[in-house]
file structure.tsv (TSV, C-alpha atoms and all ligand atoms)
chain	number	residue	atom	x	y	z
A	1065	MET	CA	4.68	-18.44	-1.88
A	1066	GLY	CA	1.58	-18.04	-4.02
A	1067	ILE	CA	0.22	-17.32	-7.45
A	1068	LEU	CA	0.90	-13.57	-7.29
A	1069	LYS	CA	4.58	-14.44	-7.32
A	1070	ASP	CA	3.99	-17.00	-10.08
A	1071	CYS	CA	2.22	-14.36	-12.17
A	1072	ILE	CA	5.03	-11.84	-11.62
A	1073	LYS	CA	7.62	-14.47	-12.59
A	1074	ASN	CA	5.60	-15.32	-15.71
A	1075	LYS	CA	4.70	-18.82	-14.59
A	1076	ARG	CA	1.11	-18.35	-15.83
A	1077	PRO	CA	-1.11	-19.41	-12.93
A	1078	ASP	CA	-4.38	-21.29	-13.65
A	1079	SER	CA	-6.46	-18.28	-12.62
A	1080	ILE	CA	-6.01	-14.51	-12.35
A	1081	PRO	CA	-4.44	-13.66	-8.96
A	1082	ILE	CA	-6.54	-11.30	-6.84
A	1083	TRP	CA	-6.31	-9.25	-3.65
A	1084	PHE	CA	-7.63	-5.80	-2.72
A	1085	MET	CA	-5.93	-2.78	-1.23
A	1086	ARG	CA	-7.48	-2.17	2.21
A	1087	GLN	CA	-9.03	-5.65	2.07
A	1088	ALA	CA	-8.64	-5.69	5.86
A	1089	GLY	CA	-10.74	-2.75	6.87
A	1090	ARG	CA	-13.92	-0.94	7.65
A	1091	TYR	CA	-16.23	-2.61	5.08
A	1092	LEU	CA	-16.01	-5.79	7.20
A	1093	PRO	CA	-18.28	-5.91	10.28
A	1094	GLU	CA	-15.78	-8.21	12.02
A	1095	PHE	CA	-13.10	-5.51	11.59
A	1096	ARG	CA	-15.41	-2.79	12.91
A	1097	GLU	CA	-16.15	-4.96	15.93
A	1098	ILE	CA	-12.46	-5.26	16.86
A	1099	ARG	CA	-11.87	-1.58	16.04
A	1100	SER	CA	-14.74	-0.45	18.32
A	1101	ARG	CA	-13.03	-2.18	21.24
A	1102	ASN	CA	-9.65	-0.63	20.30
A	1103	PRO	CA	-10.00	3.14	19.93
A	1104	ASP	CA	-6.23	3.71	19.76
A	1105	PHE	CA	-5.38	2.83	16.14
A	1106	ILE	CA	-1.58	2.80	16.58
A	1107	LYS	CA	-1.89	0.55	19.62
A	1108	LEU	CA	-4.05	-1.82	17.58
A	1109	CYS	CA	-1.39	-1.90	14.83
A	1110	LEU	CA	1.20	-2.74	17.52
A	1111	ASN	CA	-0.81	-5.68	18.87
A	1112	PRO	CA	0.47	-8.67	16.84
A	1113	GLU	CA	-2.33	-11.08	17.84
A	1114	LEU	CA	-5.17	-8.69	16.99
A	1115	SER	CA	-3.41	-7.41	13.85
A	1116	LYS	CA	-2.98	-11.00	12.72
A	1117	GLU	CA	-6.67	-11.67	13.25
A	1118	ILE	CA	-7.58	-8.59	11.15
A	1119	THR	CA	-5.04	-9.54	8.46
A	1120	LEU	CA	-6.67	-12.95	8.07
A	1121	GLN	CA	-10.33	-11.79	8.23
A	1122	PRO	CA	-10.71	-11.20	4.47
A	1123	LEU	CA	-9.09	-14.56	3.65
A	1124	LYS	CA	-11.64	-16.36	5.78
A	1125	ARG	CA	-14.48	-14.84	3.76
A	1126	PHE	CA	-13.16	-14.54	0.21
A	1127	ALA	CA	-10.91	-16.49	-2.21
A	1128	PHE	CA	-8.13	-13.88	-2.15
A	1129	ASP	CA	-4.68	-15.10	-3.18
A	1130	ALA	CA	-2.76	-12.88	-0.76
A	1131	ALA	CA	-2.97	-11.28	2.65
A	1132	ILE	CA	-1.65	-7.77	3.25
A	1133	ILE	CA	-0.57	-7.15	6.82
A	1134	PHE	CA	-2.84	-4.96	8.90
A	1135	SER	CA	-0.57	-2.05	9.66
A	1136	ASP	CA	-0.10	1.52	8.45
A	1137	ILE	CA	2.42	3.58	6.51
A	1138	LEU	CA	2.46	6.12	9.36
A	1139	LEU	CA	4.14	3.65	11.71
A	1140	ILE	CA	7.44	4.84	10.23
A	1141	PRO	CA	7.02	8.45	11.46
A	1142	PHE	CA	5.71	6.99	14.74
A	1143	ALA	CA	8.81	4.79	15.13
A	1144	LEU	CA	10.97	7.83	14.32
A	1145	GLY	CA	9.56	9.54	17.39
A	1146	GLN	CA	6.94	11.80	15.78
A	1147	GLU	CA	3.54	11.78	17.46
A	1148	VAL	CA	0.85	10.11	15.27
A	1149	LYS	CA	-2.84	10.09	16.20
A	1150	PHE	CA	-5.95	9.18	14.22
A	1151	GLU	CA	-9.04	11.25	14.86
A	1152	LYS	CA	-12.51	10.19	13.87
A	1153	ASN	CA	-13.76	12.05	10.78
A	1154	PHE	CA	-10.42	13.82	10.42
A	1155	GLY	CA	-7.78	11.17	9.74
A	1156	PRO	CA	-4.17	11.23	10.80
A	1157	LYS	CA	-2.79	14.06	12.95
A	1158	LEU	CA	0.97	14.22	13.41
A	1159	GLY	CA	2.97	16.15	15.98
A	1160	GLU	CA	5.68	18.72	15.27
A	1161	LEU	CA	8.72	17.18	13.57
A	1162	ASN	CA	11.65	17.73	15.89
A	1163	LEU	CA	14.89	17.35	13.94
A	1164	GLU	CA	17.07	17.00	17.02
A	1165	LYS	CA	14.89	14.17	18.27
A	1166	LEU	CA	14.83	12.59	14.81
A	1167	ASN	CA	18.62	12.67	14.75
A	1168	GLN	CA	18.75	10.85	18.07
A	1169	ILE	CA	16.64	7.88	16.94
A	1170	THR	CA	19.21	5.18	16.24
A	1171	ASP	CA	18.56	2.22	13.93
A	1172	GLU	CA	18.36	0.01	17.02
A	1173	VAL	CA	15.65	2.14	18.64
A	1174	PHE	CA	13.74	2.41	15.36
A	1175	ILE	CA	13.68	-1.36	14.78
A	1176	LYS	CA	12.69	-1.99	18.40
A	1177	ASN	CA	9.74	0.39	17.98
A	1178	LEU	CA	8.52	-1.66	14.99
A	1179	LYS	CA	9.17	-5.10	16.47
A	1180	PRO	CA	5.44	-5.78	17.02
A	1181	VAL	CA	4.86	-5.40	13.26
A	1182	HIS	CA	7.64	-7.86	12.51
A	1183	ASP	CA	6.19	-10.23	15.13
A	1184	LEU	CA	2.81	-9.90	13.40
A	1185	LEU	CA	4.41	-11.12	10.16
A	1186	LYS	CA	6.16	-13.97	11.92
A	1187	ILE	CA	2.99	-15.38	13.50
A	1188	THR	CA	0.85	-14.71	10.42
A	1189	ALA	CA	3.26	-16.40	7.99
A	1190	LYS	CA	2.98	-19.57	10.06
A	1191	ASP	CA	-0.81	-19.73	9.90
A	1192	LYS	CA	-2.22	-22.48	7.69
A	1193	ILE	CA	-4.56	-20.01	5.94
A	1194	ILE	CA	-1.47	-18.41	4.36
A	1195	ARG	CA	-0.11	-21.70	3.02
A	1196	GLY	CA	0.24	-21.44	-0.76
A	1197	LYS	CA	-0.62	-17.71	-0.66
A	1198	ASP	CA	1.47	-14.58	-0.62
A	1199	LEU	CA	1.95	-12.40	2.44
A	1200	ILE	CA	2.34	-8.77	1.45
A	1201	GLY	CA	4.32	-6.33	3.55
A	1202	PHE	CA	4.43	-2.62	2.72
A	1203	VAL	CA	5.87	0.82	3.29
A	1204	GLY	CA	4.81	4.30	2.24
A	1205	ALA	CA	7.06	5.75	-0.45
A	1206	THR	CA	9.58	8.38	0.62
A	1207	TRP	CA	7.60	11.27	-0.92
A	1208	THR	CA	4.30	10.22	0.66
A	1209	LEU	CA	5.93	9.84	4.09
A	1210	LEU	CA	7.59	13.24	3.69
A	1211	VAL	CA	4.17	14.73	2.90
A	1212	TYR	CA	2.61	13.39	6.11
A	1213	MET	CA	5.66	14.19	8.27
A	1214	LEU	CA	5.90	17.82	7.15
A	1215	ASN	CA	2.23	18.57	6.42
A	1216	ARG	CA	1.21	16.72	9.62
A	1217	LYS	CA	-2.18	15.78	8.24
A	1218	SER	CA	-3.72	14.45	5.05
A	1219	PRO	CA	-3.23	16.72	2.04
A	1220	LYS	CA	-6.62	15.50	0.75
A	1221	LYS	CA	-8.71	18.03	-1.21
A	1222	GLN	CA	-6.37	20.94	-0.53
A	1223	SER	CA	-2.89	21.95	-1.48
A	1224	LEU	CA	-0.06	21.36	0.94
A	1225	ASP	CA	-0.06	23.68	3.96
A	1226	ILE	CA	3.61	24.42	4.04
A	1227	ASN	CA	6.28	24.89	1.46
A	1228	MET	CA	7.60	21.35	1.32
A	1229	PHE	CA	10.32	22.16	-1.13
A	1230	ASN	CA	12.13	24.74	1.01
A	1231	TYR	CA	11.80	22.95	4.31
A	1232	PRO	CA	15.03	23.23	6.34
A	1233	ASP	CA	17.19	20.10	6.44
A	1234	GLN	CA	14.93	18.40	3.94
A	1235	ASP	CA	17.73	16.23	2.57
A	1236	PHE	CA	18.56	14.99	6.06
A	1237	ILE	CA	14.89	14.07	6.59
A	1238	ILE	CA	14.69	12.30	3.23
A	1239	ASP	CA	17.84	10.26	3.99
A	1240	LYS	CA	16.45	9.33	7.39
A	1241	ILE	CA	13.18	8.18	5.80
A	1242	ILE	CA	15.02	6.05	3.21
A	1243	GLN	CA	17.16	4.41	5.90
A	1244	SER	CA	14.01	3.70	7.95
A	1245	GLN	CA	12.16	2.24	4.96
A	1246	LYS	CA	15.05	-0.15	4.31
A	1247	ILE	CA	15.19	-1.31	7.93
A	1248	HIS	CA	11.41	-1.81	8.08
A	1249	ILE	CA	11.35	-3.68	4.77
A	1250	LYS	CA	14.19	-5.97	5.90
A	1251	GLY	CA	12.32	-6.72	9.13
A	1252	GLN	CA	9.19	-7.60	7.17
A	1253	VAL	CA	11.00	-9.84	4.67
A	1254	GLU	CA	13.00	-11.64	7.37
A	1255	ASN	CA	9.73	-12.45	9.11
A	1256	GLY	CA	7.82	-13.83	6.15
A	1257	ALA	CA	6.73	-11.14	3.67
A	1258	THR	CA	6.97	-12.63	0.15
A	1259	ILE	CA	6.10	-9.35	-1.61
A	1260	ILE	CA	6.61	-5.70	-0.67
A	1261	GLN	CA	4.25	-3.00	-1.96
A	1262	ILE	CA	5.34	0.64	-1.96
A	1263	PHE	CA	2.44	3.08	-1.63
A	1264	ASP	CA	3.15	6.51	-3.11
A	1265	SER	CA	-0.39	7.74	-2.46
A	1266	TRP	CA	0.44	11.41	-3.06
A	1267	ALA	CA	2.66	11.09	-6.16
A	1268	GLY	CA	-0.15	12.91	-8.01
A	1269	LEU	CA	0.49	16.11	-6.03
A	1270	LEU	CA	3.86	16.66	-7.68
A	1271	GLU	CA	4.58	18.64	-10.82
A	1272	GLU	CA	6.55	16.64	-13.37
A	1273	ASP	CA	9.74	18.64	-12.83
A	1274	LYS	CA	9.81	17.35	-9.25
A	1275	TYR	CA	9.50	13.63	-10.14
A	1276	GLU	CA	13.26	13.05	-10.36
A	1277	LYS	CA	14.13	14.25	-6.85
A	1278	TYR	CA	11.05	13.18	-4.92
A	1279	ILE	CA	9.86	10.04	-6.73
A	1280	TYR	CA	12.47	8.47	-9.02
A	1281	GLU	CA	15.62	8.94	-6.92
A	1282	PRO	CA	14.33	7.61	-3.59
A	1283	THR	CA	12.04	4.94	-5.11
A	1284	LYS	CA	14.86	3.51	-7.23
A	1285	LYS	CA	16.97	3.15	-4.08
A	1286	ILE	CA	14.18	1.31	-2.25
A	1287	VAL	CA	13.23	-0.95	-5.18
A	1288	ASP	CA	16.86	-1.94	-5.81
A	1289	TYR	CA	17.20	-2.65	-2.10
A	1290	VAL	CA	14.09	-4.89	-2.00
A	1291	LYS	CA	15.44	-6.85	-4.97
A	1292	THR	CA	18.65	-7.63	-3.04
A	1293	LEU	CA	16.44	-9.31	-0.41
A	1294	GLY	CA	15.08	-11.73	-3.03
A	1295	VAL	CA	11.40	-10.75	-2.91
A	1296	GLU	CA	9.10	-9.06	-5.42
A	1297	VAL	CA	8.30	-5.35	-5.19
A	1298	ILE	CA	5.10	-3.73	-6.43
A	1299	CYS	CA	4.96	0.06	-6.81
A	1300	PHE	CA	1.83	2.21	-6.66
A	1301	PRO	CA	2.69	5.80	-7.62
A	1302	ARG	CA	-0.96	6.92	-7.45
A	1303	GLY	CA	-1.85	9.74	-9.80
A	1304	ILE	CA	1.54	9.93	-11.52
A	1305	LYS	CA	1.18	11.26	-15.07
A	1306	LYS	CA	3.95	9.06	-16.45
A	1307	TYR	CA	3.46	5.41	-15.51
A	1308	ALA	CA	5.48	4.20	-18.51
A	1309	GLU	CA	8.44	6.47	-17.69
A	1310	PHE	CA	8.20	5.41	-14.03
A	1311	CYS	CA	8.43	1.72	-15.02
A	1312	LYS	CA	11.35	2.33	-17.35
A	1313	ILE	CA	13.37	4.16	-14.69
A	1314	ILE	CA	12.37	2.19	-11.59
A	1315	ASN	CA	11.76	-1.30	-13.06
A	1316	PRO	CA	9.65	-2.70	-10.21
A	1317	SER	CA	8.45	-6.35	-10.31
A	1318	ALA	CA	4.92	-5.04	-10.98
A	1319	ILE	CA	3.09	-1.73	-11.21
A	1320	ASN	CA	-0.29	-0.89	-9.64
A	1321	ILE	CA	-2.29	1.59	-11.70
A	1322	ASP	CA	-4.89	4.02	-10.33
A	1323	TYR	CA	-8.51	4.28	-11.45
A	1324	GLU	CA	-8.02	7.56	-13.31
A	1325	THR	CA	-5.48	6.04	-15.68
A	1326	ASP	CA	-6.63	4.76	-19.07
A	1327	PRO	CA	-6.03	0.97	-18.91
A	1328	LYS	CA	-5.89	0.64	-22.72
A	1329	LYS	CA	-2.98	3.08	-22.93
A	1330	ILE	CA	-1.23	1.27	-20.09
A	1331	ALA	CA	-1.67	-2.08	-21.89
A	1332	GLU	CA	-0.03	-0.57	-24.98
A	1333	GLN	CA	2.82	1.18	-23.17
A	1334	ILE	CA	3.85	-1.14	-20.36
A	1335	ASN	CA	5.09	-4.71	-20.56
A	1336	ILE	CA	5.95	-5.46	-16.94
A	1337	PRO	CA	3.28	-7.17	-14.76
A	1338	ILE	CA	0.33	-4.87	-14.03
A	1339	GLN	CA	-1.92	-4.78	-10.98
A	1340	GLY	CA	-5.19	-3.03	-10.21
A	1341	GLY	CA	-7.05	-0.24	-11.96
A	1342	ILE	CA	-10.79	-0.67	-11.39
A	1343	ASP	CA	-12.47	2.25	-9.62
A	1344	PRO	CA	-13.36	1.25	-6.01
A	1345	LYS	CA	-16.68	3.05	-6.61
A	1346	SER	CA	-17.58	0.30	-9.13
A	1347	LEU	CA	-17.93	-2.03	-6.15
A	1348	LEU	CA	-20.84	0.12	-4.97
A	1349	PHE	CA	-22.77	-0.60	-8.21
A	1350	GLU	CA	-25.32	-3.35	-8.44
A	1351	GLU	CA	-23.67	-6.69	-9.10
A	1352	GLY	CA	-24.15	-6.87	-12.87
A	1353	ASP	CA	-22.69	-3.41	-13.52
A	1354	MET	CA	-19.77	-4.09	-11.21
A	1355	ILE	CA	-18.99	-7.34	-13.07
A	1356	LYS	CA	-19.17	-5.54	-16.42
A	1357	GLU	CA	-16.56	-3.04	-15.24
A	1358	ALA	CA	-14.33	-5.83	-13.88
A	1359	LYS	CA	-14.60	-7.73	-17.19
A	1360	LYS	CA	-13.42	-4.60	-19.00
A	1361	TYR	CA	-10.12	-4.65	-17.08
A	1362	LEU	CA	-9.74	-8.44	-17.43
A	1363	ASP	CA	-10.29	-8.25	-21.20
A	1364	ILE	CA	-7.90	-5.33	-21.69
A	1365	PHE	CA	-5.14	-7.14	-19.80
A	1366	LYS	CA	-5.89	-10.60	-21.23
A	1367	ASN	CA	-2.46	-10.88	-22.86
A	1368	HIS	CA	-0.57	-9.34	-19.94
A	1369	GLN	CA	0.68	-10.68	-16.63
A	1370	TYR	CA	-2.18	-9.18	-14.63
A	1371	ILE	CA	-3.05	-9.18	-10.91
A	1372	PHE	CA	-6.63	-8.10	-10.27
A	1373	ASN	CA	-6.87	-5.33	-7.66
A	1374	LEU	CA	-8.43	-1.88	-7.32
A	1375	GLY	CA	-7.26	1.55	-8.44
A	1376	HIS	CA	-7.21	2.63	-4.76
A	1377	GLY	CA	-8.35	1.20	-1.41
A	1378	ILE	CA	-11.75	-0.47	-1.03
A	1379	LEU	CA	-14.38	2.00	0.24
A	1380	PRO	CA	-15.82	1.46	3.75
A	1381	GLU	CA	-19.40	1.45	2.36
A	1382	THR	CA	-18.69	-1.55	0.05
A	1383	SER	CA	-20.94	-4.56	0.64
A	1384	PRO	CA	-19.10	-7.80	1.46
A	1385	ASP	CA	-21.63	-9.61	-0.81
A	1386	ASN	CA	-20.39	-7.61	-3.80
A	1387	VAL	CA	-16.79	-8.40	-2.86
A	1388	LYS	CA	-17.63	-12.09	-2.78
A	1389	ALA	CA	-19.34	-11.95	-6.19
A	1390	LEU	CA	-16.44	-10.04	-7.72
A	1391	VAL	CA	-13.73	-12.32	-6.33
A	1392	ASN	CA	-15.60	-15.40	-7.56
A	1393	PHE	CA	-16.08	-13.86	-11.00
A	1394	VAL	CA	-12.37	-13.08	-11.33
A	1395	LYS	CA	-11.33	-16.54	-10.11
A	1396	ASP	CA	-13.63	-18.16	-12.74
A	1397	TYR	CA	-12.57	-15.84	-15.59
A	1398	LYS	CA	-10.91	-17.59	-18.51
B	1	LIG	O1	-10.80	2.42	11.54
B	1	LIG	C1	-10.15	3.33	11.03
B	1	LIG	O2	-10.53	4.49	10.97
B	1	LIG	C2	-8.82	2.99	10.47
B	1	LIG	C3	-8.76	3.12	9.03
B	1	LIG	C4	-7.42	2.61	8.57
B	1	LIG	C5	-7.11	1.31	8.16
B	1	LIG	C6	-8.02	0.14	8.08
B	1	LIG	C7	-6.21	3.36	8.53
B	1	LIG	C8	-6.01	4.75	8.93
B	1	LIG	N1	-5.19	2.54	8.09
B	1	LIG	C9	-5.69	1.29	7.86
B	1	LIG	C10	-4.92	0.12	7.45
B	1	LIG	C11	-3.99	0.26	6.31
B	1	LIG	N2	-3.39	1.40	5.85
B	1	LIG	C12	-3.55	-0.81	5.53
B	1	LIG	C13	-3.91	-2.23	5.92
B	1	LIG	C14	-3.91	-3.33	5.06
B	1	LIG	C15	-4.99	-3.40	4.01
B	1	LIG	O3	-4.79	-2.82	2.94
B	1	LIG	O4	-5.98	-4.09	4.24
B	1	LIG	C16	-2.71	-0.28	4.52
B	1	LIG	C17	-2.02	-1.01	3.39
B	1	LIG	C18	-2.62	1.10	4.74
B	1	LIG	C19	-1.78	2.01	3.93
B	1	LIG	C20	-1.97	3.47	4.06
B	1	LIG	N3	-2.21	4.21	5.17
B	1	LIG	C21	-1.85	4.37	2.97
B	1	LIG	C22	-1.49	3.98	1.57
B	1	LIG	C23	-2.64	3.49	0.77
B	1	LIG	C24	-3.69	4.52	0.48
B	1	LIG	O5	-4.81	4.35	0.97
B	1	LIG	O6	-3.41	5.48	-0.26
B	1	LIG	C25	-2.09	5.67	3.46
B	1	LIG	C26	-2.08	6.96	2.68
B	1	LIG	C27	-2.30	5.56	4.87
B	1	LIG	C28	-2.55	6.66	5.82
B	1	LIG	C29	-3.85	6.47	6.48
B	1	LIG	N4	-4.07	5.60	7.52
B	1	LIG	C30	-5.39	5.60	7.87
B	1	LIG	C31	-6.05	6.51	7.01
B	1	LIG	C32	-7.51	6.83	7.07
B	1	LIG	C33	-5.08	7.01	6.12
B	1	LIG	C34	-5.32	7.92	4.94
B	1	LIG	C35	-5.43	9.34	5.36
B	1	LIG	C36	-5.53	10.26	4.15
B	1	LIG	O7	-6.51	10.17	3.43
B	1	LIG	O8	-4.60	11.05	3.99

call {"tool": "encode", "arguments": {"input": "structure.tsv", "output": "structure tokens"}}
result
Amino acid sequence: MGILKDCIKNKRPDSIPIWFMRQAGRYLPEFREIRSRNPDFIKLCLNPELSKEITLQPLKRFAFDAAIIFSDILLIPFALGQEVKFEKNFGPKLGELNLEKLNQITDEVFIKNLKPVHDLLKITAKDKIIRGKDLIGFVGATWTLLVYMLNRKSPKKQSLDINMFNYPDQDFIIDKIIQSQKIHIKGQVENGATIIQIFDSWAGLLEEDKYEKYIYEPTKKIVDYVKTLGVEVICFPRGIKKYAEFCKIINPSAINIDYETDPKKIAEQINIPIQGGIDPKSLLFEEGDMIKEAKKYLDIFKNHQYIFNLGHGILPETSPDNVKALVNFVKDYK
């Protein structure tokens, strides 16, 4: 257990806790090297030894306070029997969702399909690099998983292809996703995750009148469930227009804010622990300008329980030297 947990529990760590979304990823040459030898992304995620190595890569270079497991939110649809492929320069491509097949996937089969991820946690939690640090497990939020499962590709830069809201048997699919999220979270916690982060990457696609059914209802169920397991839960409803309302209804252990949200307003409106915010593009600036932007967030959240992170995943073109400078600056900030 590490200082992220201390910060969330208001134990006031000596320095600001820090980790980055997508800290294990394409901006690191040592990741690209492993990836080039492993063209099948899902297979790589299901290889506990290699996934462990990737998970620990950023901790070997930088003074991060937590590791996030190298995995993907789309392993849930995969373990539910839907085909998931990743194509270069296109992103994820999912197969047709077959409801009969989905209905036949029992909890036992589902958990067996994700065993390599739980094994990855087990062997990673034991590594001495993790000692005194947090190990973060994660799932996609129900809405975001529904988007990928029905839309079958990224909804990036375009509206959704199909009418999500009138999809046949939608409630059955949603219930199946929630049940799967719970099983996968339990497997991660039992094998060493000290924190669970819930990524609702496409919350921003919803109109506000749809928040109740697609965000609040399912997320509340998942957050309450994680709390029964005795670990912290961080929510990231990216692009939601009502962070304060979200926090009031859901009450997660901490909230990650996106880079389009005004941090000053958040500091005024929200009193639970806050994570993230800085635009990942700031890490492409020259060092001095990047540090100025980071200092802005640190100053705004000076009187809050604050975990330094980004307002979305680190960009592949980020220089590891800038990451090093930023992490060191945050760790020295008083
Ligand atoms: O080499 C490659 O092309 C693979 C790129 C890659 C990586 C490094 C993908 C494909 N997934 C991952 C790992 C990953 N995904 C992690 C690892 C841990 C870490 O953070 O270091 C995590 C937490 C995720 C979570 C994830 N996957 C999200 C939620 C966070 C977010 O970015 O919004 C989403 C939406 C996905 C789907 C996904 N997987 C991969 C890509 C390129 C995408 C996004 C596709 C899209 O834009 O719709």

call {"tool": "residues_around", "arguments": {"input": "structure.tsv", "residues": "region 1177-1194 of chain A", "least_positions_apart": "2", "cutoff": "10 Å", "atoms": "only C-alpha atoms", "output": "MDAnalysis selection string"}}
result
chainID A and resid 1065:1066 1109:1117 1119:1120 1123:1124 1129:1136 1139:1140 1142:1145 1171:1175 1196:1201 1247:1258

call {"tool": "closest_atom_pairs", "arguments": {"input": "structure.tsv", "of": "chain A", "to": "ligand LIG 1 (chain B)", "cutoff": "8 Å", "atoms": "all atoms listed in the file", "output": "Markdown table"}}
result
| residue | atom | partner | partner_atom | distance |
| --- | --- | --- | --- | --- |
| A:Phe1084 | CA | B:LIG1 | O3 | 7.0 |
| A:Met1085 | CA | B:LIG1 | O3 | 4.3 |
| A:Arg1086 | CA | B:LIG1 | O3 | 2.9 |
| A:Gln1087 | CA | B:LIG1 | O4 | 4.1 |
| A:Ala1088 | CA | B:LIG1 | O4 | 3.5 |
| A:Gly1089 | CA | B:LIG1 | C6 | 4.1 |
| A:Arg1090 | CA | B:LIG1 | O1 | 6.0 |
| A:Arg1096 | CA | B:LIG1 | O1 | 7.1 |
| A:Arg1099 | CA | B:LIG1 | O1 | 6.1 |
| A:Phe1105 | CA | B:LIG1 | C2 | 6.6 |
| A:Thr1119 | CA | B:LIG1 | O4 | 7.0 |
| A:Ala1131 | CA | B:LIG1 | O4 | 8.0 |
| A:Ile1132 | CA | B:LIG1 | C14 | 5.3 |
| A:Ile1133 | CA | B:LIG1 | C14 | 5.4 |
| A:Phe1134 | CA | B:LIG1 | C13 | 4.2 |
| A:Ser1135 | CA | B:LIG1 | C13 | 5.0 |
| A:Asp1136 | CA | B:LIG1 | N2 | 4.2 |
| A:Ile1137 | CA | B:LIG1 | N3 | 4.9 |
| A:Leu1138 | CA | B:LIG1 | C28 | 6.2 |
| A:Phe1150 | CA | B:LIG1 | C8 | 6.9 |
| A:Glu1151 | CA | B:LIG1 | O2 | 7.9 |
| A:Lys1152 | CA | B:LIG1 | O2 | 6.7 |
| A:Gly1155 | CA | B:LIG1 | C32 | 5.1 |
| A:Pro1156 | CA | B:LIG1 | C35 | 5.9 |
| A:Phe1202 | CA | B:LIG1 | C17 | 6.7 |
| A:Val1203 | CA | B:LIG1 | C19 | 7.8 |
| A:Gly1204 | CA | B:LIG1 | C22 | 6.3 |
| A:Thr1208 | CA | B:LIG1 | C26 | 7.4 |
| A:Tyr1212 | CA | B:LIG1 | O8 | 7.9 |
| A:Lys1217 | CA | B:LIG1 | O8 | 6.8 |
| A:Ser1218 | CA | B:LIG1 | O8 | 3.7 |
| A:Pro1219 | CA | B:LIG1 | O8 | 6.2 |
| A:Lys1220 | CA | B:LIG1 | O8 | 5.9 |
| A:Phe1263 | CA | B:LIG1 | C22 | 5.1 |
| A:Asp1264 | CA | B:LIG1 | C22 | 7.1 |
| A:Ser1265 | CA | B:LIG1 | O6 | 4.4 |
| A:Trp1266 | CA | B:LIG1 | O6 | 7.6 |
| A:Arg1302 | CA | B:LIG1 | O6 | 7.7 |
| A:His1376 | CA | B:LIG1 | O5 | 6.4 |
| A:Gly1377 | CA | B:LIG1 | O5 | 5.3 |

call {"tool": "closest_atom_pairs", "arguments": {"input": "structure.tsv", "of": "region 1085-1183 of chain A", "to": "region 1228-1233 of chain A", "cutoff": "12 Å", "atoms": "only C-alpha atoms", "output": "JSON lines"}}
result
{"residue": "A:Leu1161", "atom": "CA", "partner": "A:Tyr1231", "partner_atom": "CA", "distance": 11.3}
{"residue": "A:Asn1162", "atom": "CA", "partner": "A:Asp1233", "partner_atom": "CA", "distance": 11.2}
{"residue": "A:Leu1163", "atom": "CA", "partner": "A:Asp1233", "partner_atom": "CA", "distance": 8.3}
{"residue": "A:Glu1164", "atom": "CA", "partner": "A:Asp1233", "partner_atom": "CA", "distance": 11.0}
{"residue": "A:Leu1166", "atom": "CA", "partner": "A:Asp1233", "partner_atom": "CA", "distance": 11.5}
{"residue": "A:Asn1167", "atom": "CA", "partner": "A:Asp1233", "partner_atom": "CA", "distance": 11.2}

call {"tool": "residues_around", "arguments": {"input": "structure.tsv", "residues": "Gly1303 (chain A)", "least_positions_apart": "3", "cutoff": "10 Å", "atoms": "only C-alpha atoms", "output": "list of chain:residue names"}}
result
A:Asp1264, A:Ser1265, A:Trp1266, A:Ala1267, A:Gly1268, A:Leu1269, A:Leu1270, A:Phe1300, A:Lys1306, A:Tyr1307, A:Ile1321, A:Asp1322, A:Tyr1323, A:Glu1324, A:Thr1325, A:Gly1375

call {"tool": "closest_residue", "arguments": {"input": "structure.tsv", "among": "A:Lys1345, A:Lys1359, A:Lys1328, A:Lys1246", "to": "Thr1292 (chain A)", "atoms": "only C-alpha atoms"}}
result
A:Lys1246

call {"tool": "atom_distance", "arguments": {"input": "structure.tsv", "atom1": "CA of Ala1331 (chain A)", "atom2": "CA of Thr1382 (chain A)"}}
result
27.8 Å

call {"tool": "build_atoms", "arguments": {"input": "structure.tsv", "residues": "region 1085-1092 of chain A", "atoms": "N, CA and C atoms", "output": "PDB file, in the frame of the given file"}}
result
ATOM      1  N   MET A1085      -6.504  -3.731  -2.164  1.00  0.00           N
ATOM      2  CA  MET A1085      -5.930  -2.780  -1.230  1.00  0.00           C
ATOM      3  C   MET A1085      -7.001  -2.432  -0.194  1.00  0.00           C
ATOM      4  N   ARG A1086      -6.582  -2.380   1.063  1.00  0.00           N
ATOM      5  CA  ARG A1086      -7.480  -2.170   2.210  1.00  0.00           C
ATOM      6  C   ARG A1086      -8.494  -3.302   2.363  1.00  0.00           C
ATOM      7  N   GLN A1087      -8.090  -4.521   1.932  1.00  0.00           N
ATOM      8  CA  GLN A1087      -9.030  -5.650   2.070  1.00  0.00           C
ATOM      9  C   GLN A1087      -9.320  -5.962   3.530  1.00  0.00           C
ATOM     10  N   ALA A1088      -8.369  -5.600   4.423  1.00  0.00           N
ATOM     11  CA  ALA A1088      -8.640  -5.690   5.860  1.00  0.00           C
ATOM     12  C   ALA A1088      -9.063  -4.306   6.294  1.00  0.00           C
ATOM     13  N   GLY A1089     -10.335  -4.121   6.534  1.00  0.00           N
ATOM     14  CA  GLY A1089     -10.740  -2.750   6.870  1.00  0.00           C
ATOM     15  C   GLY A1089     -12.213  -2.584   7.160  1.00  0.00           C
ATOM     16  N   ARG A1090     -12.626  -1.336   7.069  1.00  0.00           N
ATOM     17  CA  ARG A1090     -13.920  -0.940   7.650  1.00  0.00           C
ATOM     18  C   ARG A1090     -15.155  -1.489   6.952  1.00  0.00           C
ATOM     19  N   TYR A1091     -15.032  -2.046   5.716  1.00  0.00           N
ATOM     20  CA  TYR A1091     -16.230  -2.610   5.080  1.00  0.00           C
ATOM     21  C   TYR A1091     -16.610  -3.950   5.714  1.00  0.00           C
ATOM     22  N   LEU A1092     -15.724  -4.506   6.548  1.00  0.00           N
ATOM     23  CA  LEU A1092     -16.010  -5.790   7.200  1.00  0.00           C
ATOM     24  C   LEU A1092     -16.529  -5.574   8.629  1.00  0.00           C
TER      25      LEU A1092
END
